[in-house]
Amino acid sequence: MALIVQKYGGSSVGTLDRIRNVAARIKRVLDEGNQVVAVVSAMGGVTDRLLGMANELNANAPERELDVLLSSGEQQSIALLAMALQAMGVDAVSATGRQAGIQTVGSHTRGRIDEIDPSLLKGYLAEGKVVIVAGFQGVTKEGMIHTLGRGGSDLSAIAVAASLDADVCQILTDVDGVYTCDPRIVLNARKLPEISYDEMLEMASSGTKVMQSRSVEFAKKYGVVFEVCSSLNDNPGTLVTEEHPAMEAVVIRGVSIERSQARVTITDIPDTPGQSGKILGCLADAEINVDMIVSNISSDGMARHSFTMHTNDLGRAQAALKPVLGELSSDAKIETEAALAKLSTVGIGMRSHSGVAAKMFQALGKAGINIGMITTSEIKISVTVSESQIEDAARVVHEAFELDKKPLA
Ligand code: ADP
Ligand code: ASP
Ligand code: MG
């Protein structure tokens with residue numbers, strides 16, 4: 001008998017029929033002699049609808065109340081799924097984040113899982129029950145509800161699997177695995193049989209939303225091997241696991257895109273110590289997440305700093321930077337550009353293959369796509385391009401690396 005933790009995302013429980021389908025899948029796994037804990041998201045679209053209502057009432061909705069509101073979406077779906085299972089004769093019980101012992105720390109709307117006390121879950125399992133756990137939520141020591149950031153049910157599932165020392169953790173979604181690029185955009189993208197934690201992490205944090213990036217970090221830290229597969233069919237999925245030597249043979253594992261990016265450039269900054277700290281410090285104080293950072297010195301010896309952020313943060317960033325400009329120099333100026341997107345190629349094979357950046361940039365150049373900023377890590381190359389060209393850019397780069405054709409290690 002195996003203990004299987006399954007996570008069903010919003011699209012997998014988006015309608016009552018889909019909930020019945022999930023219940024039938026869980027029943028099948030039980031009938032094969034396994035124990036199941038299912039972690040469930042809110043029905044597709046519900047979290048966005050709740051957020052929309054909150055924004056209509058209050059453009060600055062307090063985060064404490066957002067957590068109370070948004071966590072209700074998952075509470076609906078766990079009760080509905082438990083009812084559907086019971087209607088099929090399965091002994092199922094729901095558990096909110098608090099009941100599942102998920103304790104969080106950090107701030108409202110972006111809580112971090114600190115600890116899980118799985119005793120109630122274990123008790124239910126010992127009684128032969130299936131437990132349906134609300135994803136995306138936990139409670140602080142003081143009893144405050146936290147949500148875990150968008151897509152946070154992935155994290156709930158990985159953490160529950162770790163705390164129960166589950167035999168298998170499956171992330172069931174509306175695609176049957178992790179593809180070389182979003183299959184909605186690159187139609188000939190290929191499903192990857194496996195991917196390393198680091199590659200999945202880089203892809204997730206550069207826009208591949210099939211997994212929430214913090215959940216991959218957590219899985220790597222606690223060694224939770226998990227599989228991404230479909231809730232609608234039984235196709236083999238993608239295994240996310242420790243890297244092994246054969247994986248390096250593949251230069252690029254996948255291509256990610258992230259839309260709604262904006263660039264801020266500050267020019268005419270004296271090239272002296274402490275300036276970058278001043279700029280980034282004031283953005284950090286304003287709780288603005290900066291993504292790519294590029295700086296250089298022009299021929300007149302003055303420095304310029306560019307960084308990207310989500311377009312929604314651009315106005316706040318400009319407001320936060322204004323008072324600092326005068327402190328940098330009397331000539332310092334801000335330039336901004338919105339409607340950008342980021343394209344990233346990811347692969348651990350980059351470490352041992354040269355010419356990867358050249359190939360990527362040449363392919364984009366040949367297609368007439370202008371590159372803005374460039375940043376690299378050991379296993380990722382990211383560029384900004386105009387948002388209107390991002391889908392073409394993804395296809396061109398995908399093709400240049402023959403990701404549609406290559407047998408994938
Ligand atoms: P869920 O509701 O199950 O959490 P998500 O919408 O969060 O599902 O994630 C699944 C979606 O991720 C897919 O529908 C797909 O369009 C998108 N996606 C983006 N990049 C990829 C990729 N490289 N491989 C697979 N899916 C991807
Ligand atoms: N319902 C939450 C969201 O839409 C959490 C999740 O789906 O994982 O972000
Ligand atoms: Mg998701």
# chains A, B, ... in the order shown; residues from 1 in each chain; ligands from 1
$ residues_near_ligand --ligand "ligand 1" --cutoff "7 Å" --atoms "only C-alpha atoms and all ligand atoms" --output "PDB file with N, CA and C atoms, in the first residue's frame"
ATOM      1  N   TYR A   8      -4.778  18.716  -7.114  1.00  0.00           N
ATOM      2  CA  TYR A   8      -5.640  19.042  -8.252  1.00  0.00           C
ATOM      3  C   TYR A   8      -5.802  20.560  -8.320  1.00  0.00           C
ATOM      4  N   GLY A   9      -5.377  21.150  -9.440  1.00  0.00           N
ATOM      5  CA  GLY A   9      -5.424  22.606  -9.618  1.00  0.00           C
ATOM      6  C   GLY A   9      -6.819  23.083 -10.006  1.00  0.00           C
ATOM      7  N   GLY A  10      -6.936  24.410 -10.115  1.00  0.00           N
ATOM      8  CA  GLY A  10      -8.231  25.039 -10.352  1.00  0.00           C
ATOM      9  C   GLY A  10      -8.955  24.533 -11.588  1.00  0.00           C
ATOM     10  N   SER A  11      -8.215  24.309 -12.677  1.00  0.00           N
ATOM     11  CA  SER A  11      -8.914  23.868 -13.889  1.00  0.00           C
ATOM     12  C   SER A  11      -9.404  22.433 -13.723  1.00  0.00           C
ATOM     13  N   SER A  12      -8.728  21.652 -12.897  1.00  0.00           N
ATOM     14  CA  SER A  12      -9.128  20.247 -12.708  1.00  0.00           C
ATOM     15  C   SER A  12     -10.385  20.129 -11.849  1.00  0.00           C
ATOM     16  N   GLY A  44     -11.488  26.833 -10.807  1.00  0.00           N
ATOM     17  CA  GLY A  44     -10.837  27.771 -11.735  1.00  0.00           C
ATOM     18  C   GLY A  44     -11.572  29.106 -11.825  1.00  0.00           C
ATOM     19  N   GLY A 151      -0.896  30.468  -7.081  1.00  0.00           N
ATOM     20  CA  GLY A 151      -0.393  29.145  -7.445  1.00  0.00           C
ATOM     21  C   GLY A 151       0.082  28.343  -6.236  1.00  0.00           C
ATOM     22  N   LEU A 172      -1.494  17.189 -10.466  1.00  0.00           N
ATOM     23  CA  LEU A 172      -2.370  16.890 -11.605  1.00  0.00           C
ATOM     24  C   LEU A 172      -2.978  18.192 -12.108  1.00  0.00           C
ATOM     25  N   THR A 173      -2.857  18.405 -13.419  1.00  0.00           N
ATOM     26  CA  THR A 173      -3.267  19.699 -13.956  1.00  0.00           C
ATOM     27  C   THR A 173      -3.939  19.514 -15.311  1.00  0.00           C
ATOM     28  N   ASP A 174      -4.056  20.616 -16.084  1.00  0.00           N
ATOM     29  CA  ASP A 174      -4.752  20.498 -17.367  1.00  0.00           C
ATOM     30  C   ASP A 174      -3.807  20.233 -18.531  1.00  0.00           C
ATOM     31  N   VAL A 175      -2.508  20.061 -18.249  1.00  0.00           N
ATOM     32  CA  VAL A 175      -1.565  19.564 -19.268  1.00  0.00           C
ATOM     33  C   VAL A 175      -0.953  18.273 -18.709  1.00  0.00           C
ATOM     34  N   GLY A 177       2.092  17.290 -18.437  1.00  0.00           N
ATOM     35  CA  GLY A 177       3.481  17.328 -18.006  1.00  0.00           C
ATOM     36  C   GLY A 177       4.077  18.701 -18.241  1.00  0.00           C
ATOM     37  N   VAL A 178       5.370  18.782 -18.012  1.00  0.00           N
ATOM     38  CA  VAL A 178       6.094  20.025 -18.277  1.00  0.00           C
ATOM     39  C   VAL A 178       6.624  19.913 -19.705  1.00  0.00           C
ATOM     40  N   TYR A 179       6.336  20.911 -20.512  1.00  0.00           N
ATOM     41  CA  TYR A 179       6.734  20.911 -21.924  1.00  0.00           C
ATOM     42  C   TYR A 179       7.952  21.808 -22.135  1.00  0.00           C
ATOM     43  N   THR A 180       8.551  21.668 -23.307  1.00  0.00           N
ATOM     44  CA  THR A 180       9.720  22.496 -23.644  1.00  0.00           C
ATOM     45  C   THR A 180       9.368  23.989 -23.688  1.00  0.00           C
ATOM     46  N   CYS A 181       8.090  24.291 -23.880  1.00  0.00           N
ATOM     47  CA  CYS A 181       7.585  25.663 -23.776  1.00  0.00           C
ATOM     48  C   CYS A 181       6.076  25.536 -23.559  1.00  0.00           C
ATOM     49  N   ASP A 182       5.429  26.603 -23.167  1.00  0.00           N
ATOM     50  CA  ASP A 182       3.980  26.522 -22.963  1.00  0.00           C
ATOM     51  C   ASP A 182       3.325  25.985 -24.246  1.00  0.00           C
ATOM     52  N   PRO A 183       2.684  24.807 -24.178  1.00  0.00           N
ATOM     53  CA  PRO A 183       2.112  24.235 -25.407  1.00  0.00           C
ATOM     54  C   PRO A 183       0.977  25.058 -25.999  1.00  0.00           C
ATOM     55  N   ARG A 184       0.461  26.013 -25.245  1.00  0.00           N
ATOM     56  CA  ARG A 184      -0.570  26.899 -25.815  1.00  0.00           C
ATOM     57  C   ARG A 184       0.066  27.906 -26.762  1.00  0.00           C
ATOM     58  N   THR A 208       7.097  30.073 -16.287  1.00  0.00           N
ATOM     59  CA  THR A 208       6.416  28.806 -16.596  1.00  0.00           C
ATOM     60  C   THR A 208       5.522  28.435 -15.423  1.00  0.00           C
ATOM     61  N   LYS A 209       4.244  28.849 -15.540  1.00  0.00           N
ATOM     62  CA  LYS A 209       3.420  28.806 -14.330  1.00  0.00           C
ATOM     63  C   LYS A 209       2.831  27.422 -14.033  1.00  0.00           C
ATOM     64  N   VAL A 210       3.274  26.416 -14.766  1.00  0.00           N
ATOM     65  CA  VAL A 210       2.745  25.081 -14.474  1.00  0.00           C
ATOM     66  C   VAL A 210       3.097  24.653 -13.044  1.00  0.00           C
ATOM     67  N   MET A 211       4.191  25.178 -12.494  1.00  0.00           N
ATOM     68  CA  MET A 211       4.514  24.963 -11.071  1.00  0.00           C
ATOM     69  C   MET A 211       4.820  26.317 -10.428  1.00  0.00           C
ATOM     70  N   GLY A 254      14.239  23.962 -21.810  1.00  0.00           N
ATOM     71  CA  GLY A 254      12.974  24.617 -22.141  1.00  0.00           C
ATOM     72  C   GLY A 254      13.094  26.124 -22.279  1.00  0.00           C
ATOM     73  N   SER A 256      10.973  29.780 -21.463  1.00  0.00           N
ATOM     74  CA  SER A 256       9.900  30.377 -20.646  1.00  0.00           C
ATOM     75  C   SER A 256       9.615  31.785 -21.119  1.00  0.00           C
TER      76      SER A 256
END
$ residues_around --residues "Thr345 of chain A" --least-positions-apart "5" --cutoff "7 Å" --atoms "only C-alpha atoms" --output "PyMOL selection string"
chain A and resi 252+254-256+380-382
$ residues_near_ligand --ligand "ligand 2" --cutoff "6 Å" --atoms "only C-alpha atoms and all ligand atoms" --output "list of chain:residue names"
A:Gly9, A:Gly10, A:Ser41, A:Ala42, A:Thr47, A:Phe136, A:Arg150, A:Gly151, A:Gly152, A:Ser153, A:Asp154
$ closest_residue --among "A:Asn235, A:Ser298, A:Asn21, A:Ser94" --to "Val37 of chain A" --atoms "only C-alpha atoms"
A:Ser94
$ closest_residue --among "A:Val228, A:Val396, A:Ala339, A:Val356" --to "ligand 3" --atoms "only C-alpha atoms and all ligand atoms"
A:Val228
$ residues_around --residues "Ile297 of chain A" --least-positions-apart "5" --cutoff "10 Å" --atoms "only C-alpha atoms" --output "list of chain:residue names"
A:Thr267, A:Asp268, A:Ile269, A:Pro270, A:Asp271, A:Met302, A:Ala303, A:Arg304, A:His305
$ residues_around --residues "segment 128-134 of chain A" --least-positions-apart "5" --cutoff "6 Å" --atoms "only C-alpha atoms" --output "number ranges by chain"
A: 36-40, 74, 78, 91-97
$ closest_residue --among "A:Gly89, A:Gly237, A:Gly207, A:Gly123" --to "Ser344 of chain A" --atoms "only C-alpha atoms"
A:Gly207
$ atom_distance --atom1 "atom CA of Thr147 of chain A" --atom2 "atom CA of Leu66 of chain A"
8.7 Å
$ residues_around --residues "Ile288 of chain A" --least-positions-apart "5" --cutoff "12 Å" --atoms "only C-alpha atoms" --output "list in words"
Ile279, Leu280, Gly281, Cys282, Leu283, Phe307, Thr308, Met309, His310, Thr311, Asn312, Asp313, Leu314, Gly315, Arg316, Ala317, Gln318, Ala319, Ala320 and Leu321 of chain A
$ closest_residue --among "A:Met360, A:Val294, A:Val346, A:Ile185" --to "Met200 of chain A" --atoms "only C-alpha atoms"
A:Val346
